[in-house]
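Trainee: Take a look at the following structure, please.
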Amino acid sequence: WSSLVERAWVFETFVLDDVSIDFFASGSGNLPEQPFIDAIEHLLLRQLEHFQVRNSEVRIHSTDGSTRTILVDNLRWLNRNGKRQATGQLQVPDVTANQLNFIAEINNADLDALSGSLYLEAMRLDISPWLEQLTSTAQIERAEFNVRGWVDFEQGQFISGQAHFDENFLEWRRGDDRHRLSTSPATWVLEPQENGWLMNSMPIRIDIDGMEWPVDGIRWDYLNRRHRWNFDNIKILDMGPVWSLFGSPGEEVRSWSAGLQPQGTLSAFEVQLTPERELQFYISADDLSWQPHVGIPGVSGLNFEMWSNRNAGRFEVSGEQVSLYSPRTYTDTQQLSELYWQGYWERSASGWTIRMPEARFSLPDAKVV
């Protein structure tokens with residue numbers, strides 16, 4: 001071993017099989033001296049012209065206690081004329097069911113301050129393992145992901161990137177109902193953030209069960225292990241099939257959406273996925289209208305906000321010059337000069353509870369609070 005520590009070994013090629021490696025992130029950035037590890041790094045990244053890693057596993061331990069596993073099916077490293085290149089195939093077990101290809105061009109050999117670029121390509125990548133973690137009520141039948149992208153990094157820090165998504169597909173079944181979602185090709189720009197990253201898309205078209213849904217753009221934040229997707233200024237369409245993916249309360253939202261048939265514009269639609277895999281929603285809608293449904297009058301001219309997770313939520317409904325129609329109560333449409341409802345809902349062991357501590361509306365000749 002002394003010769004290895006002294007960096008006296010010289011090889012032209014080297015093959016590693018069934019290797020397990022643990023990387024531990026350091027919050028302080030100060031690591032103790034590790035002569036054996038330093039010698040291995042020097043051997044692989046500086047002395048060898050070529051080495052190969054096959055059927056191996058890399059576990060990355062973050063400072064927050066989380067662990068991400070990467071399976072390296074095959075990796076080839078070339079170190080010639082001062083240029084270093086890594087090519088191969090890898091997969092992330094709890095995210096994908098098959099491989100993606102990568103090419104890394106490295107400008108230096110310091111693991112703590114790598115500089116260069118990374119190119120990734122995934123055609124027909126199966127991401128069903130990740131989606132199946134988000135739903136307990138739907139069966140994922142196809143989750144095909146097609147993407148090509150690159151990132152540049154400097155001194156061990158990501159600095160810029162871009163991803164081009166080809167047409168992607170998601171097909172699922174809930175009971176006897178089958179649904180299909182596809183997205184048109186689009187380019188995303190990737191930017192670094194402290195403790196995460198930000199992706200912004202070009203305009204994109206989403207197709208849900210044959211119904212087209214144009215979207216000006218999508219913002220995808222990843223910060224401190226929390227994902228957040230933002231959509232703005234979107235025309236409201238029948239999103240019932242998508243809600244069915246999320247179980248409860250998604251199934252209840254799907255049922256109410258089918259009955260109310262809402263129309264209007266979503267000024268803001270935000271979905272968050274917490275580190276604990278909890279989904280949270282925020283919705284803001286303008287010029288909202290819906291049809292009468294199970295005793296609820298139909299209305300038009302409303303503004304609506306809702307904050308929700310799987311177990312509880314809050315909503316506000318407001319508007320001026322609102323049209324109210326309820327065929328069971330009266331034949332003519334009623335005009336309200338003001339309407340404001342504030343309510344909460346929550347799930348308990350016995351079912352669902354809805355509370356409305358404040359509700360008021362004004363008719364031309366009367367005011368009810």
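Letters A, B, ... go to the chains of the structure tokens in the order shown; residues in each chain start at 1; ligands are counted from 1 in the same order.
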Find the residues near A:Gly298: any atom within 9 Å, counting only C-alpha atoms, skip ones fewer than 3 places away on the same chain, and give them as a list in words.
Mentor: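 Contacts, with the query itself left out: Leu260, Ser289, Trp290, Gln291, Pro292, His293, Ser323, Leu324, Tyr325 and Ser326 of chain A.
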Trainee: Env of A:Trp197: 10 Å cut, atoms = only C-alpha atoms, seq-sep filter 4 positions within chain, self excluded. Answer as a PDB file with C-alpha atoms, in the first residue's frame.
Mentor:
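Output (around_2.pdb):
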ATOM      1  CA  PHE A 158     -23.146  24.362 -11.588  1.00  0.00           C
ATOM      2  CA  ILE A 159     -23.252  27.628 -13.593  1.00  0.00           C
ATOM      3  CA  SER A 160     -25.700  27.151 -16.502  1.00  0.00           C
ATOM      4  CA  LEU A 190     -31.608  25.880 -16.290  1.00  0.00           C
ATOM      5  CA  GLU A 191     -30.132  28.343 -13.795  1.00  0.00           C
ATOM      6  CA  PRO A 192     -28.417  27.747 -10.455  1.00  0.00           C
ATOM      7  CA  GLN A 193     -29.853  28.894  -7.151  1.00  0.00           C
ATOM      8  CA  TRP A 220     -39.840  24.706 -11.976  1.00  0.00           C
ATOM      9  CA  ASP A 221     -37.986  25.513  -8.756  1.00  0.00           C
ATOM     10  CA  TYR A 222     -35.993  23.025  -6.729  1.00  0.00           C
ATOM     11  CA  LEU A 223     -34.861  24.454  -3.405  1.00  0.00           C
ATOM     12  CA  ASN A 224     -33.841  22.600  -0.234  1.00  0.00           C
ATOM     13  CA  HIS A 227     -40.058  20.980  -5.861  1.00  0.00           C
TER      14      HIS A 227
END
Trainee: Could you pull the residues within 7 Å of A:Trp345, counting only C-alpha atoms, minus those fewer than 3 positions along the same chain, as a count of residues only?
Mentor: 6
Trainee: I want to know what sits within 6 Å of stretch 47-62 of chain A, based on only C-alpha atoms, with residues of the same chain fewer than 3 positions away left out; could you give that as number ranges by chain?
Mentor: A: 11-25, 43-44, 65-79
Trainee: Pick the closest to A:Ser115 from A:Pro327, A:Gly156, A:Gly259, A:Gly319: which is it, counting only C-alpha atoms?
Mentor: A:Gly156
